[in-house]
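What follows is the content of entry.cif, which has mmCIF, C-alpha atoms and all ligand atoms:
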data_run
loop_
_atom_site.label_atom_id
_atom_site.label_comp_id
_atom_site.auth_asym_id
_atom_site.auth_seq_id
_atom_site.Cartn_x
_atom_site.Cartn_y
_atom_site.Cartn_z
CA MET L 43 86.81 132.17 67.69
CA LYS L 44 84.45 132.66 70.58
CA THR L 45 82.39 130.23 72.65
CA GLN L 46 80.90 129.91 76.11
CA VAL L 47 82.74 126.76 77.17
CA CYS L 48 85.99 125.57 75.59
CA ILE L 49 86.63 121.88 76.30
CA ILE L 50 90.16 120.49 75.89
CA GLY L 51 89.98 116.72 75.23
CA GLY L 52 87.54 114.68 73.15
CA GLY L 53 87.43 111.53 75.29
CA PRO L 54 84.23 110.42 77.03
CA SER L 55 84.40 113.23 79.65
CA GLY L 56 84.76 116.08 77.17
CA LEU L 57 82.24 114.71 74.67
CA MET L 58 79.63 113.96 77.32
CA LEU L 59 79.81 117.47 78.78
CA ALA L 60 79.74 119.03 75.30
CA GLN L 61 76.63 117.06 74.41
CA LEU L 62 74.77 117.84 77.66
CA LEU L 63 75.58 121.59 77.47
CA HIS L 64 74.61 121.79 73.81
CA LEU L 65 71.21 120.23 74.59
CA LYS L 66 70.59 123.14 77.01
CA GLY L 67 71.67 125.76 74.49
CA ILE L 68 75.13 126.40 75.97
CA ASP L 69 77.65 126.89 73.18
CA ASN L 70 80.88 124.91 73.34
CA ILE L 71 83.90 123.74 71.37
CA VAL L 72 85.83 120.48 71.85
CA LEU L 73 89.54 120.39 71.00
CA GLU L 74 90.98 116.87 70.52
CA ARG L 75 94.64 116.20 69.82
CA GLN L 76 94.14 112.85 68.06
CA THR L 77 92.17 111.76 65.02
CA ARG L 78 88.74 110.29 65.63
CA GLU L 79 89.97 106.91 64.34
CA TYR L 80 92.74 106.92 66.95
CA VAL L 81 90.38 107.74 69.82
CA LEU L 82 87.98 105.01 68.68
CA ALA L 83 90.73 102.40 68.43
CA ARG L 84 91.64 102.67 72.12
CA ILE L 85 90.25 99.74 74.06
CA ARG L 86 89.51 100.76 77.63
CA ALA L 87 86.60 100.50 80.02
CA GLY L 88 83.95 97.83 79.76
CA VAL L 89 81.84 98.24 82.89
CA LEU L 90 79.56 101.24 83.42
CA GLU L 91 77.76 102.04 86.64
CA HIS L 92 74.08 102.94 86.41
CA GLY L 93 74.85 106.63 87.06
CA PHE L 94 76.97 106.72 83.91
CA ALA L 95 74.30 104.91 81.93
CA ASP L 96 71.71 107.46 83.12
CA LEU L 97 73.96 110.28 81.96
CA MET L 98 74.21 108.67 78.50
CA ARG L 99 70.41 108.63 78.34
CA GLU L 100 70.17 112.25 79.49
CA ALA L 101 72.67 113.13 76.75
CA GLN L 102 70.28 111.41 74.26
CA CYS L 103 72.99 108.85 73.51
CA GLY L 104 71.67 105.83 75.37
CA GLU L 105 69.65 104.09 72.68
CA ARG L 106 72.31 101.70 71.36
CA MET L 107 73.71 101.16 74.85
CA ASP L 108 70.27 100.08 76.05
CA ARG L 109 69.86 97.81 73.02
CA GLU L 110 73.30 96.20 72.89
CA GLY L 111 74.70 96.61 76.42
CA GLU L 112 74.33 93.82 78.95
CA ILE L 113 72.96 94.31 82.45
CA HIS L 114 75.07 92.39 84.98
CA ASP L 115 73.65 91.63 88.41
CA GLY L 116 76.80 90.06 89.81
CA PHE L 117 80.36 88.89 89.24
CA TYR L 118 82.68 86.16 90.49
CA ILE L 119 85.85 86.22 92.52
CA ALA L 120 88.01 83.11 92.04
CA HIS L 121 90.32 82.51 94.98
CA ALA L 122 91.79 79.61 96.92
CA GLY L 123 90.60 77.17 94.25
CA LYS L 124 86.92 78.18 94.43
CA MET L 125 84.57 80.66 92.80
CA ASP L 126 82.45 82.93 94.98
CA ARG L 127 79.78 85.16 93.49
CA VAL L 128 79.13 88.75 94.53
CA ASP L 129 75.41 89.33 94.15
CA LEU L 130 75.32 93.02 93.22
CA HIS L 131 71.57 93.09 92.83
CA LYS L 132 70.85 91.55 96.22
CA TYR L 133 73.42 93.54 98.17
CA SER L 134 73.05 96.95 96.54
CA GLY L 135 69.31 97.31 96.88
CA GLY L 136 68.45 96.15 93.36
CA ASN L 137 71.21 97.86 91.39
CA SER L 138 73.41 96.43 88.66
CA VAL L 139 76.10 97.49 86.16
CA MET L 140 76.07 97.80 82.38
CA VAL L 141 78.64 96.02 80.24
CA TYR L 142 79.16 98.30 77.23
CA GLY L 143 82.55 99.25 75.82
CA GLN L 144 84.04 102.72 76.17
CA THR L 145 84.85 102.51 72.46
CA GLU L 146 81.16 102.09 71.65
CA LEU L 147 79.93 104.84 73.95
CA THR L 148 82.57 107.23 72.60
CA ARG L 149 81.35 106.42 69.08
CA ASP L 150 77.75 107.13 70.19
CA LEU L 151 78.81 110.48 71.66
CA TYR L 152 80.70 111.47 68.48
CA GLU L 153 77.71 110.51 66.34
CA ALA L 154 75.40 112.60 68.53
CA ARG L 155 77.80 115.57 68.25
CA ASP L 156 77.77 115.17 64.43
CA ARG L 157 73.96 114.94 64.32
CA MET L 158 73.56 118.14 66.32
CA GLY L 159 76.26 120.06 64.48
CA GLY L 160 78.54 120.09 67.54
CA LYS L 161 81.92 121.75 67.11
CA VAL L 162 84.56 119.05 67.63
CA TYR L 163 88.03 119.69 66.19
CA HIS L 164 90.56 116.88 65.72
CA ASN L 165 94.34 116.93 65.17
CA VAL L 166 94.51 120.00 67.41
CA GLU L 167 98.11 120.85 68.25
CA ASP L 168 99.59 122.86 71.12
CA ALA L 169 96.32 123.56 72.96
CA GLN L 170 97.12 125.89 75.84
CA PRO L 171 94.82 127.54 78.39
CA HIS L 172 95.54 131.19 79.30
CA ASP L 173 94.40 133.79 81.84
CA MET L 174 92.36 131.29 83.86
CA LYS L 175 92.40 133.59 86.88
CA THR L 176 90.76 136.44 84.95
CA ASP L 177 87.20 136.92 83.68
CA THR L 178 88.46 136.63 80.11
CA PRO L 179 90.21 133.25 79.79
CA TYR L 180 91.15 131.88 76.37
CA VAL L 181 92.73 128.87 74.73
CA THR L 182 95.30 128.98 71.95
CA CYS L 183 96.02 126.07 69.61
CA THR L 184 97.02 125.18 66.08
CA LEU L 185 94.28 124.00 63.70
CA ASP L 186 95.29 122.84 60.21
CA GLY L 187 98.60 124.64 60.58
CA GLU L 188 96.96 127.91 61.61
CA LYS L 189 97.29 129.57 65.03
CA VAL L 190 93.86 130.06 66.61
CA ARG L 191 92.64 131.86 69.73
CA ILE L 192 89.36 130.82 71.38
CA ASP L 193 87.86 133.31 73.83
CA CYS L 194 85.45 131.76 76.32
CA ASP L 195 83.75 132.08 79.71
CA TYR L 196 85.15 128.79 81.02
CA ILE L 197 87.79 126.21 80.10
CA ILE L 198 87.28 122.53 80.84
CA GLY L 199 90.39 120.37 81.17
CA ALA L 200 89.10 116.95 80.07
CA ASP L 201 92.36 115.98 78.39
CA GLY L 202 93.23 112.85 80.36
CA PHE L 203 96.22 112.08 82.55
CA HIS L 204 98.82 113.27 80.02
CA GLY L 205 96.95 116.42 79.04
CA VAL L 206 98.05 120.03 79.23
CA SER L 207 95.32 121.47 81.49
CA ARG L 208 96.44 120.12 84.85
CA LYS L 209 100.04 121.00 83.99
CA SER L 210 98.96 124.63 83.47
CA ILE L 211 98.05 125.02 87.14
CA PRO L 212 100.97 126.57 89.08
CA SER L 213 102.81 124.04 91.21
CA ASP L 214 102.32 126.05 94.40
CA VAL L 215 98.54 125.68 93.94
CA LEU L 216 98.34 122.04 92.82
CA ARG L 217 98.68 119.14 95.25
CA GLU L 218 99.24 115.70 93.73
CA TYR L 219 98.78 112.35 95.48
CA GLU L 220 100.09 109.27 93.73
CA ARG L 221 100.71 105.56 94.14
CA VAL L 222 102.30 103.56 91.35
CA TYR L 223 101.83 99.79 91.56
CA PRO L 224 104.71 97.43 90.74
CA PHE L 225 102.86 95.68 87.88
CA GLY L 226 100.65 96.26 84.86
CA TRP L 227 97.73 94.55 83.11
CA LEU L 228 98.29 92.82 79.80
CA GLY L 229 94.92 92.80 78.03
CA ILE L 230 93.67 91.10 74.89
CA LEU L 231 90.48 91.38 72.91
CA SER L 232 89.42 88.32 70.93
CA ARG L 233 86.47 87.25 68.83
CA THR L 234 85.66 84.30 71.05
CA LYS L 235 82.71 83.40 73.21
CA PRO L 236 83.32 84.73 76.76
CA VAL L 237 84.22 81.95 79.17
CA SER L 238 81.60 83.17 81.64
CA PRO L 239 78.42 85.23 81.21
CA GLU L 240 79.54 87.29 84.25
CA LEU L 241 82.99 88.77 84.95
CA ILE L 242 85.52 86.67 86.86
CA TYR L 243 88.18 88.45 88.95
CA ALA L 244 90.84 85.87 89.90
CA LYS L 245 93.36 86.05 92.72
CA HIS L 246 96.08 83.46 92.09
CA GLU L 247 99.58 82.79 93.39
CA ARG L 248 100.90 83.44 89.86
CA GLY L 249 99.13 86.82 89.78
CA PHE L 250 95.76 88.44 89.11
CA ALA L 251 93.58 87.64 86.09
CA LEU L 252 90.27 89.05 84.83
CA CYS L 253 87.76 87.56 82.43
CA SER L 254 85.58 90.29 80.96
CA LEU L 255 83.63 90.74 77.76
CA ARG L 256 82.20 93.22 75.31
CA SER L 257 79.44 90.99 73.92
CA GLN L 258 78.59 87.32 73.65
CA VAL L 259 81.05 87.02 70.72
CA LEU L 260 83.78 89.37 71.96
CA SER L 261 85.94 88.60 75.00
CA ARG L 262 88.28 90.86 76.95
CA TYR L 263 90.85 89.18 79.21
CA TYR L 264 93.63 90.58 81.39
CA ILE L 265 96.57 89.15 83.33
CA GLN L 266 98.86 90.88 85.81
CA VAL L 267 102.41 91.17 84.40
CA PRO L 268 105.67 92.73 85.65
CA LEU L 269 106.21 96.33 84.55
CA THR L 270 109.30 95.21 82.65
CA ASP L 271 107.27 92.98 80.28
CA LYS L 272 106.61 94.16 76.74
CA VAL L 273 103.62 93.27 74.57
CA GLU L 274 106.03 91.62 72.10
CA ASP L 275 107.13 89.23 74.87
CA TRP L 276 103.67 87.70 74.90
CA SER L 277 102.49 85.54 71.99
CA ASP L 278 98.75 84.83 71.96
CA GLU L 279 99.51 81.25 72.91
CA ALA L 280 101.59 82.28 75.93
CA PHE L 281 98.80 84.62 77.03
CA TRP L 282 96.09 81.95 76.85
CA ASP L 283 98.27 79.41 78.67
CA GLU L 284 99.00 81.84 81.50
CA LEU L 285 95.39 83.00 81.75
CA LYS L 286 94.16 79.41 82.07
CA ARG L 287 96.74 78.66 84.77
CA ARG L 288 95.37 81.46 86.92
CA LEU L 289 91.74 80.33 86.70
CA PRO L 290 89.96 77.42 88.38
CA ALA L 291 90.62 74.26 86.31
CA GLU L 292 87.03 73.86 85.09
CA VAL L 293 86.97 77.46 83.84
CA GLY L 294 90.30 77.08 82.04
CA ALA L 295 89.08 73.84 80.47
CA ARG L 296 86.07 75.52 78.80
CA MET L 297 87.99 78.63 77.67
CA GLU L 298 87.54 79.29 73.95
CA THR L 299 90.79 80.71 72.55
CA GLY L 300 91.59 82.47 69.29
CA PRO L 301 93.77 85.17 67.76
CA SER L 302 93.93 88.48 69.61
CA ILE L 303 92.57 91.51 67.75
CA GLU L 304 94.11 93.93 70.26
CA LYS L 305 96.84 93.42 72.82
CA SER L 306 98.24 96.10 75.14
CA ILE L 307 99.80 96.67 78.56
CA ALA L 308 98.41 99.29 80.97
CA PRO L 309 100.39 100.31 84.04
CA LEU L 310 98.42 100.57 87.29
CA ARG L 311 98.34 103.89 89.06
CA SER L 312 96.33 105.76 91.70
CA PHE L 313 96.47 109.54 91.34
CA VAL L 314 94.52 112.58 92.52
CA ALA L 315 95.17 116.26 91.81
CA GLU L 316 93.67 118.90 94.09
CA PRO L 317 91.99 121.32 93.62
CA MET L 318 90.01 120.47 90.48
CA ARG L 319 89.47 124.17 89.73
CA TYR L 320 91.87 126.95 88.94
CA GLY L 321 90.05 130.24 88.36
CA ARG L 322 87.86 129.72 85.30
CA MET L 323 89.35 126.33 84.42
CA PHE L 324 87.80 123.12 85.73
CA LEU L 325 89.41 119.66 85.52
CA ALA L 326 87.29 116.58 84.86
CA GLY L 327 87.93 112.84 84.53
CA ASP L 328 91.39 111.33 84.07
CA ALA L 329 92.91 114.84 83.84
CA ALA L 330 92.39 115.10 87.60
CA HIS L 331 92.39 111.51 88.84
CA ILE L 332 93.38 107.99 87.87
CA VAL L 333 92.49 104.67 89.48
CA PRO L 334 93.87 101.20 88.82
CA PRO L 335 91.21 99.47 86.67
CA THR L 336 90.51 96.73 89.23
CA GLY L 337 87.31 98.32 90.58
CA ALA L 338 86.08 99.54 87.15
CA ARG L 339 85.86 103.06 88.56
CA GLY L 340 87.84 105.27 86.11
CA LEU L 341 85.17 106.26 83.65
CA ASN L 342 82.60 106.19 86.39
CA SER L 343 84.52 108.77 88.43
CA ALA L 344 84.62 110.92 85.31
CA ALA L 345 80.83 110.61 85.12
CA SER L 346 80.25 112.19 88.52
CA ASP L 347 82.62 115.07 87.67
CA ILE L 348 80.63 115.71 84.50
CA TYR L 349 77.34 115.48 86.37
CA TYR L 350 78.42 118.08 88.96
CA LEU L 351 79.99 120.33 86.35
CA TYR L 352 76.98 120.17 84.03
CA HIS L 353 74.55 121.10 86.79
CA ALA L 354 76.86 123.86 88.06
CA MET L 355 77.05 125.30 84.52
CA LEU L 356 73.26 125.15 84.17
CA ASP L 357 72.87 127.03 87.47
CA HIS L 358 75.34 129.63 86.26
CA TYR L 359 73.90 130.15 82.78
CA LEU L 360 70.19 129.65 83.47
CA ASN L 361 69.82 130.97 87.05
CA GLY L 362 72.85 133.22 87.56
CA ASP L 363 73.83 131.07 90.56
CA ASP L 364 77.54 130.25 90.95
CA THR L 365 77.29 128.11 94.11
CA GLY L 366 77.71 124.89 92.11
CA LEU L 367 80.82 126.16 90.34
CA ASP L 368 82.29 127.36 93.62
CA ASN L 369 81.62 124.00 95.31
CA TYR L 370 82.61 121.84 92.32
CA SER L 371 86.12 120.90 93.37
CA ASP L 372 85.19 119.92 96.94
CA LYS L 373 82.10 118.02 95.86
CA ALA L 374 83.83 116.14 93.04
CA LEU L 375 86.86 115.29 95.19
CA ALA L 376 84.70 113.86 97.98
CA ARG L 377 83.38 111.21 95.60
CA VAL L 378 86.69 110.80 93.78
CA TRP L 379 88.45 109.83 97.01
CA LYS L 380 85.82 107.19 97.77
CA ALA L 381 86.41 105.66 94.33
CA GLN L 382 90.16 105.83 95.04
CA ARG L 383 89.70 103.95 98.30
CA PHE L 384 87.59 101.25 96.67
CA SER L 385 89.95 100.79 93.68
CA TRP L 386 92.96 100.63 96.00
CA TRP L 387 91.19 98.04 98.16
CA MET L 388 90.23 95.80 95.18
CA THR L 389 93.77 96.10 93.81
CA MET L 390 95.42 95.25 97.14
CA ALA L 391 93.07 92.32 97.75
CA LEU L 392 93.46 90.60 94.38
CA HIS L 393 97.02 91.13 93.09
CA LYS L 394 100.28 89.42 93.85
CA PHE L 395 102.70 91.92 95.36
CA PRO L 396 106.32 90.98 94.69
CA ASP L 397 107.55 92.26 98.07
CA ASN L 398 104.77 90.88 100.26
CA ILE L 399 105.96 89.12 103.40
CA ALA L 400 104.20 85.89 104.46
CA TYR L 401 102.11 87.85 106.99
CA ASP L 402 100.72 90.14 104.27
CA GLN L 403 99.85 87.13 102.12
CA LYS L 404 97.89 85.57 104.96
CA LEU L 405 95.97 88.80 105.51
CA GLN L 406 95.18 88.98 101.80
CA GLU L 407 93.68 85.47 101.91
CA ILE L 408 91.70 86.28 105.04
CA GLU L 409 90.33 89.45 103.43
CA LEU L 410 88.46 87.34 100.86
CA GLU L 411 87.48 84.63 103.37
CA TYR L 412 85.98 87.39 105.52
CA LEU L 413 84.27 89.01 102.54
CA PHE L 414 82.37 85.86 101.64
CA SER L 415 81.50 85.09 105.26
CA SER L 416 79.90 88.50 105.83
CA GLU L 417 76.82 89.81 104.08
CA ARG L 418 77.70 93.31 105.31
CA ALA L 419 81.16 93.11 103.73
CA GLN L 420 79.56 91.99 100.45
CA GLY L 421 77.10 94.87 100.83
CA SER L 422 80.00 97.32 101.05
CA LEU L 423 81.66 95.82 97.97
CA ALA L 424 78.39 95.83 96.03
CA GLU L 425 77.43 99.45 96.82
CA ASN L 426 80.86 100.65 95.72
CA TYR L 427 80.98 98.52 92.56
CA VAL L 428 77.57 99.61 91.28
CA GLY L 429 78.54 103.20 92.11
CA LEU L 430 78.01 105.45 95.09
CA PRO L 431 75.31 108.07 94.53
CA PHE L 432 76.35 111.32 92.76
P1 LIG L 501 90.59 110.12 78.19
O1 LIG L 501 89.75 108.98 77.75
O2 LIG L 501 92.02 109.89 78.45
O3 LIG L 501 90.40 111.29 77.13
C1 LIG L 501 91.20 112.45 77.13
C2 LIG L 501 91.30 112.95 75.71
O4 LIG L 501 92.07 114.16 75.69
C3 LIG L 501 92.96 114.13 74.58
N1 LIG L 501 94.10 115.01 74.86
C4 LIG L 501 94.23 116.24 74.33
N2 LIG L 501 93.43 116.92 73.50
C5 LIG L 501 93.85 118.18 73.13
N3 LIG L 501 95.01 118.75 73.58
C6 LIG L 501 95.82 118.07 74.43
N4 LIG L 501 96.94 118.63 74.87
C7 LIG L 501 95.43 116.76 74.84
N5 LIG L 501 95.98 115.84 75.65
C8 LIG L 501 95.17 114.79 75.65
C9 LIG L 501 93.33 112.65 74.44
O5 LIG L 501 93.75 112.34 73.12
C10 LIG L 501 92.02 111.95 74.80
O6 LIG L 501 91.21 111.69 73.68
O7 LIG L 501 90.00 110.77 79.55
P2 LIG L 501 88.45 110.92 80.00
O8 LIG L 501 87.61 111.46 78.88
O9 LIG L 501 88.49 111.62 81.30
O10 LIG L 501 87.96 109.40 80.23
C11 LIG L 501 88.51 108.59 81.24
C12 LIG L 501 88.46 107.11 80.84
O11 LIG L 501 89.06 106.98 79.57
C13 LIG L 501 89.17 106.21 81.86
O12 LIG L 501 88.90 106.64 83.18
C14 LIG L 501 88.73 104.73 81.74
O13 LIG L 501 89.08 104.19 80.51
C15 LIG L 501 89.36 103.86 82.87
N6 LIG L 501 89.05 102.43 82.75
C16 LIG L 501 87.85 101.93 83.20
N7 LIG L 501 86.92 102.76 83.74
C17 LIG L 501 85.71 102.26 84.14
O14 LIG L 501 84.90 103.05 84.66
N8 LIG L 501 85.36 100.94 83.97
C18 LIG L 501 86.23 100.04 83.43
O15 LIG L 501 85.85 98.88 83.25
C19 LIG L 501 87.54 100.52 83.05
N9 LIG L 501 88.44 99.68 82.50
C20 LIG L 501 89.98 101.55 82.17
C21 LIG L 501 89.64 100.17 82.07
C22 LIG L 501 91.22 102.00 81.68
C23 LIG L 501 92.13 101.11 81.14
N10 LIG L 501 93.37 101.63 80.65
C24 LIG L 501 93.92 101.29 79.41
C25 LIG L 501 94.00 102.73 81.35
C26 LIG L 501 90.54 99.26 81.52
C27 LIG L 501 91.81 99.72 81.09
C28 LIG L 501 92.76 98.68 80.56
C1 LIG L 502 87.08 95.62 80.96
O1 LIG L 502 86.18 94.91 80.49
O2 LIG L 502 87.90 96.19 80.23
C2 LIG L 502 87.18 95.76 82.43
C3 LIG L 502 86.19 95.26 83.24
C4 LIG L 502 86.28 95.37 84.62
C5 LIG L 502 87.38 96.01 85.17
C6 LIG L 502 88.38 96.53 84.36
C7 LIG L 502 88.30 96.41 82.99
O3 LIG L 502 87.48 96.09 86.53
#

Any chance you could give the structure as structure tokens?
Ligand code: RFL
Ligand code: PHB
Amino acid sequence: MKTQVCIIGGGPSGLMLAQLLHLKGIDNIVLERQTREYVLARIRAGVLEHGFADLMREAQCGERMDREGEIHDGFYIAHAGKMDRVDLHKYSGGNSVMVYGQTELTRDLYEARDRMGGKVYHNVEDAQPHDMKTDTPYVTCTLDGEKVRIDCDYIIGADGFHGVSRKSIPSDVLREYERVYPFGWLGILSRTKPVSPELIYAKHERGFALCSLRSQVLSRYYIQVPLTDKVEDWSDEAFWDELKRRLPAEVGARMETGPSIEKSIAPLRSFVAEPMRYGRMFLAGDAAHIVPPTGARGLNSAASDIYYLYHAMLDHYLNGDDTGLDNYSDKALARVWKAQRFSWWMTMALHKFPDNIAYDQKLQEIELEYLFSSERAQGSLAENYVGLPF
């Protein structure tokens, strides 16, 4: 097979780039290891920054998001027995975020690919990039039991944290920066009315909790748990009891509970791989960087990668200008590191750290007291949460 751009990974990053390139007449193929059903069953992000929402519209996939997604102008932080609101709209110069599930936007991207006759292959085994440092790179893989070779101009590694692309960069070229946190998030999805119309991030002596939502009839809640906990350790009842304990009493009292329809534990990790380019292969999204979900930055960091990569590809194919491709890694990493800083800060401010000394705990409390006493501090939080400019 032959194409202009071969994209490894059919998550939001890969599908979004495929869709944008196709709309400009640039031929591409997406190789996804899992079935479509599997990809669409993963429950992940819920909060999109406006830059991501704009990209969905540019990809002609924003119609349902604009109809069903919710615009949020603020969120709450529960701490020290009170609830303080962060006014995103006021402190970010009129911006807001969109609450729309990653599952739904991935479905929208797949449907757009189908409508336009996009080439998306599922159940792809053994995808492997080759000859990235030459002008004739290619990808090999197994499709329906048959060995296939795909010749291309460029390879995009959009295959997530556990993908093959980053691992194909020689170790003397790749630098990796990582912090693993000593806890995870246990999340449940339930067909219940969300306890609050806006998100509540809760800092509590028993650990962090988050009240989020997918719609007015679908709630998404998380609690911080030790890394040693297993999903099976947590009955629905135990989850609801613990969640309520970590929230202000009046919030817990009005919590509508019900059976979980999904329950999973995600470990928390910060990770960056540099550079994000190796010859004719470019990394994008979780393949190159991971943030703990506390700042809702993961998918949104992927969005800026895709934005830079898309425009760099357009310059290459339509204007013969490679400046964008040459600058991609530096430009993407500059924004990635800012999202890392913000996610690290939110995580440090809101979680219970098992090894914290009393001094650290005091500083953690003062961090939030300071935040809500300073409009400038809230301004900094707001501009990062709604998304720094691309
Ligand atoms: P993905 O979504 O991991 O997709 C990569 C795809 O590549 C496939 N793949 C391969 N395909 C072919 N060959 C191989 N060898 C392959 N290896 C892997 C995989 O099957 C997969 O389909 O990466 P992508 O596209 O870069 O998207 C990144 C986002 O998924 C991620 O950043 C977000 O979900 C993070 N995140 C959040 N981000 C936000 O911006 N806002 C949020 O509110 C938010 N909440 C979250 C989150 C992530 C969470 N978890 C579970 C980690 C909440 C949670 C709980
Ligand atoms: C979610 O709804 O899944 C969600 C929302 C905000 C976050 C993380 C996850 O910071």

Go ahead and find all residues with at least one atom no further than 10 Å from (76.5, 99.3, 99.6) in the file's coordinates, using only C-alpha atoms; report them as an mmCIF file with C-alpha atoms, in the frame of the given file.
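And here's selection.cif as it stands now:
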data_model
loop_
_atom_site.group_PDB
_atom_site.id
_atom_site.type_symbol
_atom_site.label_atom_id
_atom_site.label_comp_id
_atom_site.auth_asym_id
_atom_site.auth_seq_id
_atom_site.Cartn_x
_atom_site.Cartn_y
_atom_site.Cartn_z
ATOM 1 C CA LEU L 130 75.320 93.020 93.220
ATOM 2 C CA TYR L 133 73.420 93.540 98.170
ATOM 3 C CA SER L 134 73.050 96.950 96.540
ATOM 4 C CA GLY L 135 69.310 97.310 96.880
ATOM 5 C CA ASN L 137 71.210 97.860 91.390
ATOM 6 C CA ARG L 418 77.700 93.310 105.310
ATOM 7 C CA ALA L 419 81.160 93.110 103.730
ATOM 8 C CA GLN L 420 79.560 91.990 100.450
ATOM 9 C CA GLY L 421 77.100 94.870 100.830
ATOM 10 C CA SER L 422 80.000 97.320 101.050
ATOM 11 C CA LEU L 423 81.660 95.820 97.970
ATOM 12 C CA ALA L 424 78.390 95.830 96.030
ATOM 13 C CA GLU L 425 77.430 99.450 96.820
ATOM 14 C CA ASN L 426 80.860 100.650 95.720
ATOM 15 C CA TYR L 427 80.980 98.520 92.560
ATOM 16 C CA VAL L 428 77.570 99.610 91.280
ATOM 17 C CA GLY L 429 78.540 103.200 92.110
ATOM 18 C CA LEU L 430 78.010 105.450 95.090
#

Original post:
Which chains and residue numbers are within 10 Å of ligand LIG 502 (chain L), counting only C-alpha atoms and all ligand atoms, if I want them as a PyMOL selection string?
Top reply: chain L and resi 85-90+117+141-144+227+229-231+241-243+252-256+261-264+334-340+385+388-389+427

Closest atom pairs, range 118-222 of chain L residues within 12 Å of range 395-408 of chain L, all atoms listed in the file, as JSON lines:
{"residue": "L:Ala120", "atom": "CA", "partner": "L:Glu407", "partner_atom": "CA", "distance": 11.6}
{"residue": "L:His121", "atom": "CA", "partner": "L:Glu407", "partner_atom": "CA", "distance": 8.3}
{"residue": "L:Ala122", "atom": "CA", "partner": "L:Glu407", "partner_atom": "CA", "distance": 7.9}
{"residue": "L:Gly123", "atom": "CA", "partner": "L:Glu407", "partner_atom": "CA", "distance": 11.7}

Could you save the residues just selected, with C-alpha atoms, as an mmCIF file, in the coordinates of the input?
data_model
loop_
_atom_site.group_PDB
_atom_site.id
_atom_site.type_symbol
_atom_site.label_atom_id
_atom_site.label_comp_id
_atom_site.auth_asym_id
_atom_site.auth_seq_id
_atom_site.Cartn_x
_atom_site.Cartn_y
_atom_site.Cartn_z
ATOM 1 C CA ALA L 120 88.010 83.110 92.040
ATOM 2 C CA HIS L 121 90.320 82.510 94.980
ATOM 3 C CA ALA L 122 91.790 79.610 96.920
ATOM 4 C CA GLY L 123 90.600 77.170 94.250
#

Original post:
Between L:Tyr163, L:Tyr370, L:Tyr352, L:Trp276, which has the minimum distance to ligand LIG 501 (chain L) (counting all atoms listed in the file)?
Top reply: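 Looking only at the distances to ligand LIG 501 (chain L), the closest residue turns out to be L:Tyr163.
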
**OP:** Find the residues around Trp282 in chain L up to 9 Å (all atoms listed in the file counted), leave out those fewer than 3 positions away in its own chain, and share them as a ChimeraX atom specification.
**Re:** /L:277-279,285-287,297,299-300

Could you make a table, as a Markdown table, of the residues of chain L that have an atom within 7 Å of an atom of ligand LIG 501 (chain L), each with its nearest atom pair and distance in Å to one decimal, counting only C-alpha atoms and all ligand atoms, in chain and number order?
| residue | atom | partner | partner_atom | distance |
| --- | --- | --- | --- | --- |
| L:Ile50 | CA | L:LIG501 | C5 | 5.2 |
| L:Gly51 | CA | L:LIG501 | O4 | 3.3 |
| L:Gly52 | CA | L:LIG501 | O6 | 4.8 |
| L:Gly53 | CA | L:LIG501 | O3 | 3.5 |
| L:Pro54 | CA | L:LIG501 | O8 | 4.0 |
| L:Ser55 | CA | L:LIG501 | O8 | 3.7 |
| L:Gly56 | CA | L:LIG501 | O8 | 5.7 |
| L:Leu73 | CA | L:LIG501 | C5 | 5.3 |
| L:Glu74 | CA | L:LIG501 | N2 | 3.9 |
| L:Arg75 | CA | L:LIG501 | C5 | 3.9 |
| L:Gln76 | CA | L:LIG501 | O5 | 5.1 |
| L:Val81 | CA | L:LIG501 | O6 | 5.6 |
| L:Ile85 | CA | L:LIG501 | C24 | 6.7 |
| L:Arg86 | CA | L:LIG501 | C27 | 4.3 |
| L:Ala87 | CA | L:LIG501 | C19 | 3.2 |
| L:Gly88 | CA | L:LIG501 | O15 | 4.1 |
| L:Val89 | CA | L:LIG501 | O15 | 4.1 |
| L:Leu90 | CA | L:LIG501 | O14 | 5.8 |
| L:Gln144 | CA | L:LIG501 | O13 | 6.8 |
| L:Val166 | CA | L:LIG501 | C5 | 6.0 |
| L:Glu167 | CA | L:LIG501 | N3 | 6.5 |
| L:Asp168 | CA | L:LIG501 | N4 | 6.2 |
| L:Ala169 | CA | L:LIG501 | N3 | 5.0 |
| L:Ala200 | CA | L:LIG501 | O9 | 5.5 |
| L:Asp201 | CA | L:LIG501 | O4 | 3.3 |
| L:Gly202 | CA | L:LIG501 | O2 | 3.7 |
| L:Phe203 | CA | L:LIG501 | O2 | 6.3 |
| L:His204 | CA | L:LIG501 | N5 | 5.8 |
| L:Gly205 | CA | L:LIG501 | N5 | 3.6 |
| L:Val206 | CA | L:LIG501 | N4 | 4.7 |
| L:Trp227 | CA | L:LIG501 | C28 | 6.9 |
| L:Gly229 | CA | L:LIG501 | C28 | 6.8 |
| L:Ala308 | CA | L:LIG501 | C24 | 5.2 |
| L:Ala326 | CA | L:LIG501 | O9 | 6.2 |
| L:Gly327 | CA | L:LIG501 | O9 | 3.5 |
| L:Asp328 | CA | L:LIG501 | O9 | 4.0 |
| L:Ala329 | CA | L:LIG501 | O9 | 6.0 |
| L:Ile332 | CA | L:LIG501 | O12 | 6.6 |
| L:Pro335 | CA | L:LIG501 | C21 | 4.9 |
| L:Ala338 | CA | L:LIG501 | N8 | 3.5 |
| L:Arg339 | CA | L:LIG501 | O14 | 4.0 |
| L:Gly340 | CA | L:LIG501 | O12 | 3.4 |
| L:Leu341 | CA | L:LIG501 | O14 | 3.4 |
| L:Asn342 | CA | L:LIG501 | O14 | 4.3 |
| L:Ser343 | CA | L:LIG501 | O14 | 6.9 |
| L:Ala344 | CA | L:LIG501 | O9 | 5.6 |
